[in-house]
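Asker: Structure: final_2.pdb, PDB, C-alpha atoms.
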MODEL        1
ATOM      1  CA  MET A   1      18.385 -19.424  51.942
ATOM      2  CA  TRP A   2      14.945 -17.841  52.298
ATOM      3  CA  TRP A   3      12.802 -15.411  54.316
ATOM      4  CA  ASN A   4      10.845 -17.698  56.594
ATOM      5  CA  ALA A   5       8.816 -14.975  58.320
ATOM      6  CA  GLY A   6       8.724 -11.241  58.804
ATOM      7  CA  GLU A   7       9.863 -10.009  55.392
ATOM      8  CA  PRO A   8       9.586  -6.217  55.672
ATOM      9  CA  THR A   9       6.684  -4.553  53.874
ATOM     10  CA  GLY A  10       5.037  -1.167  54.120
ATOM     11  CA  ASP A  11       6.117   1.597  56.462
ATOM     12  CA  LEU A  12       8.711   0.861  59.136
ATOM     13  CA  ASN A  13       9.236   3.208  62.072
ATOM     14  CA  ARG A  14      12.385   4.310  63.844
ATOM     15  CA  GLY A  15      12.879   2.893  67.317
ATOM     16  CA  THR A  16      10.634  -0.155  66.779
ATOM     17  CA  TRP A  17      11.920  -3.738  66.837
ATOM     18  CA  TYR A  18      10.681  -5.855  63.911
ATOM     19  CA  TYR A  19      10.788  -9.651  63.931
ATOM     20  CA  GLY A  20      12.048 -11.818  61.088
ATOM     21  CA  GLU A  21      13.323 -15.302  60.333
ATOM     22  CA  ILE A  22      15.893 -16.461  57.781
ATOM     23  CA  GLY A  23      16.096 -20.124  56.800
ATOM     24  CA  LEU A  24      19.041 -22.082  55.435
ATOM     25  CA  LYS A  25      18.759 -25.561  53.923
ATOM     26  CA  ASN A  26      21.190 -28.040  52.343
ATOM     27  CA  LYS A  27      19.510 -30.364  49.828
ATOM     28  CA  ALA A  28      22.846 -31.789  48.619
ATOM     29  CA  GLN A  29      24.683 -34.923  49.720
ATOM     30  CA  ALA A  30      27.887 -33.109  50.701
ATOM     31  CA  THR A  31      28.826 -31.058  53.754
ATOM     32  CA  TYR A  32      29.827 -27.441  53.126
ATOM     33  CA  HIS A  33      31.732 -25.061  55.388
ATOM     34  CA  VAL A  34      30.002 -21.711  54.864
ATOM     35  CA  ILE A  35      29.489 -18.198  56.063
ATOM     36  CA  VAL A  36      26.362 -16.100  55.553
ATOM     37  CA  LYS A  37      26.976 -12.530  54.392
ATOM     38  CA  PHE A  38      24.550  -9.645  54.075
ATOM     39  CA  LYS A  39      24.324  -6.028  53.028
ATOM     40  CA  ILE A  40      21.829  -3.249  53.736
ATOM     41  CA  TYR A  41      21.586  -0.190  51.523
ATOM     42  CA  THR A  42      19.425   2.734  50.454
ATOM     43  CA  ASP A  43      19.745   5.789  48.182
ATOM     44  CA  VAL A  44      21.926   7.661  50.689
ATOM     45  CA  SER A  45      24.913   6.694  52.815
ATOM     46  CA  LEU A  46      24.331   4.712  56.010
ATOM     47  CA  THR A  47      26.301   4.508  59.257
ATOM     48  CA  THR A  48      26.554   1.725  61.828
ATOM     49  CA  ASN A  49      24.283   3.834  64.065
ATOM     50  CA  ASP A  50      21.365   3.641  61.617
ATOM     51  CA  ILE A  51      20.268   0.000  61.904
ATOM     52  CA  LYS A  52      20.620  -2.662  64.582
ATOM     53  CA  ILE A  53      20.188  -6.434  64.071
ATOM     54  CA  THR A  54      20.158  -9.044  66.828
ATOM     55  CA  ILE A  55      19.945 -12.793  66.154
ATOM     56  CA  TYR A  56      19.204 -15.743  68.386
ATOM     57  CA  ASP A  57      22.273 -17.961  68.750
ATOM     58  CA  GLU A  58      20.846 -21.407  69.425
ATOM     59  CA  GLY A  59      24.199 -22.825  70.535
ATOM     60  CA  ALA A  60      24.811 -20.047  73.065
ATOM     61  CA  GLY A  61      21.129 -19.821  74.034
ATOM     62  CA  GLN A  62      21.123 -16.029  73.813
ATOM     63  CA  TRP A  63      20.489 -13.037  71.574
ATOM     64  CA  ILE A  64      23.595 -11.559  69.939
ATOM     65  CA  ASP A  65      23.983  -8.186  68.220
ATOM     66  CA  LEU A  66      25.389  -8.508  64.711
ATOM     67  CA  PRO A  67      28.331  -6.197  64.112
ATOM     68  CA  MET A  68      28.152  -4.281  60.859
ATOM     69  CA  THR A  69      30.809  -2.548  58.813
ATOM     70  CA  VAL A  70      30.458   0.431  56.498
ATOM     71  CA  VAL A  71      31.791  -0.061  52.957
ATOM     72  CA  THR A  72      31.450   2.174  49.914
ATOM     73  CA  GLU A  73      29.540   0.707  46.995
ATOM     74  CA  GLY A  74      28.095   2.628  44.073
ATOM     75  CA  GLY A  75      29.219   5.962  45.507
ATOM     76  CA  ARG A  76      27.374   5.537  48.815
ATOM     77  CA  ASP A  77      28.145   3.918  52.157
ATOM     78  CA  ILE A  78      26.291   0.666  52.837
ATOM     79  CA  LEU A  79      26.250  -1.710  55.803
ATOM     80  CA  THR A  80      27.715  -5.209  55.549
ATOM     81  CA  GLY A  81      28.130  -8.049  57.987
ATOM     82  CA  THR A  82      28.148 -11.775  58.548
ATOM     83  CA  TRP A  83      25.663 -14.143  60.136
ATOM     84  CA  GLY A  84      27.014 -16.963  62.263
ATOM     85  CA  PRO A  85      30.526 -17.691  63.540
ATOM     86  CA  PRO A  86      33.225 -15.574  61.846
ATOM     87  CA  ALA A  87      35.154 -18.756  60.992
ATOM     88  CA  GLY A  88      32.046 -20.199  59.324
ATOM     89  CA  PHE A  89      30.025 -23.299  60.152
ATOM     90  CA  ASP A  90      29.298 -26.699  58.664
ATOM     91  CA  VAL A  91      26.093 -27.306  56.737
ATOM     92  CA  GLY A  92      25.700 -31.042  56.260
ATOM     93  CA  PRO A  93      23.180 -33.065  54.231
ATOM     94  CA  GLY A  94      19.668 -32.461  55.533
ATOM     95  CA  TYR A  95      20.649 -29.215  57.283
ATOM     96  CA  ASN A  96      17.470 -27.172  57.669
ATOM     97  CA  LYS A  97      17.474 -24.359  60.235
ATOM     98  CA  VAL A  98      15.539 -21.187  60.744
ATOM     99  CA  THR A  99      17.200 -18.348  62.671
ATOM    100  CA  PRO A 100      15.006 -15.745  64.380
ATOM    101  CA  PHE A 101      16.197 -12.153  64.455
ATOM    102  CA  TYR A 102      15.044  -8.630  65.236
ATOM    103  CA  TYR A 103      15.981  -5.450  63.401
ATOM    104  CA  MET A 104      15.454  -1.807  64.274
ATOM    105  CA  PHE A 105      15.938   1.462  62.449
ATOM    106  CA  GLU A 106      17.653   3.679  65.005
ATOM    107  CA  GLY A 107      17.151   7.422  65.512
ATOM    108  CA  SER A 108      19.737   8.351  62.892
ATOM    109  CA  ALA A 109      18.284   6.129  60.126
ATOM    110  CA  PRO A 110      17.298   8.103  57.013
ATOM    111  CA  VAL A 111      13.511   8.401  56.660
ATOM    112  CA  ASN A 112      11.220   8.304  53.622
ATOM    113  CA  MET A 113      13.632   5.944  51.865
ATOM    114  CA  TRP A 114      13.399   2.430  50.492
ATOM    115  CA  TYR A 115      15.898  -0.020  51.954
ATOM    116  CA  GLY A 116      17.453  -3.072  50.333
ATOM    117  CA  PHE A 117      18.592  -6.177  52.182
ATOM    118  CA  GLU A 118      20.553  -8.922  50.450
ATOM    119  CA  ALA A 119      21.924 -12.077  52.045
ATOM    120  CA  TRP A 120      23.865 -14.942  50.511
ATOM    121  CA  VAL A 121      25.956 -17.959  51.511
ATOM    122  CA  GLU A 122      29.623 -18.335  50.579
ATOM    123  CA  GLN A 123      31.560 -21.574  50.828
ATOM    124  CA  LEU A 124      34.809 -21.349  52.815
ATOM    125  CA  PRO A 125      37.873 -23.585  52.483
TER     126      PRO A 125
ENDMDL
END
Let me see the structure of the file written as structure tokens.

Answerer:
Amino acid sequence: MWWNAGEPTGDLNRGTWYYGEIGLKNKAQATYHVIVKFKIYTDVSLTTNDIKITIYDEGAGQWIDLPMTVVTEGGRDILTGTWGPPAGFDVGPGYNKVTPFYYMFEGSAPVNMWYGFEAWVEQLP
């Protein structure tokens, strides 16, 4: 998994859509059933009204808002979610896809803060 384009740098403004791309590749010989998970955090607690992410679903041919959940980690509330179908998806040998997305810091997003974004792939049964 990698940032293909649009990795955030510098100042980001509230109410502005920013473009990005995340890539996922399978270099192995096996097929894996996976789900992509992510979390967004900063020095203070976040709410689901602070950040919005929409991804392009190639299969559906449309943009879809990613639902996020608030969980407590390290004494503060962070945002978590999944990327792709909730039941997961198959990543076979040679799988190599880039998913475009947009993200926006909404009006309630804390300002003058650094933000962290982590994403990873988990194999499902």

Asker: Quick one: apply the PyMOL selection byres ((chain A and resi 55) around 8) to the file and drop the selected residues here as a PyMOL selection string.

Answerer: chain A and resi 53-54+56-57+63-66+99-102

Asker: Identify all residues satisfying the PyMOL selection byres ((chain A and resi 86) around 12) in the given file; provide them as a ChimeraX atom specification.

Answerer: /A:33-37,66-67,81-85,87-89,124

Asker: Compile the contact shell of range 26-31 of chain A as an MDAnalysis selection string: residues with an atom at most 8 Å away, counting only C-alpha atoms, same-chain residues fewer than 5 positions apart removed.

Answerer: chainID A and resid 90:96

Asker: Could you state the separation of CA of Glu106 in chain A and CA of Asp50 in chain A in Å, given to one decimal place?

Answerer: 5.0 Å

Asker: Take the point (15.7, -2.7, 62.8) in the file's coordinates, draw a sphere of radius 9 Å around it, and report as a PyMOL selection string every protein, DNA or RNA residue with an atom inside or on it, counting all atoms listed in the file.

Answerer: chain A and resi 12-19+50-54+102-106
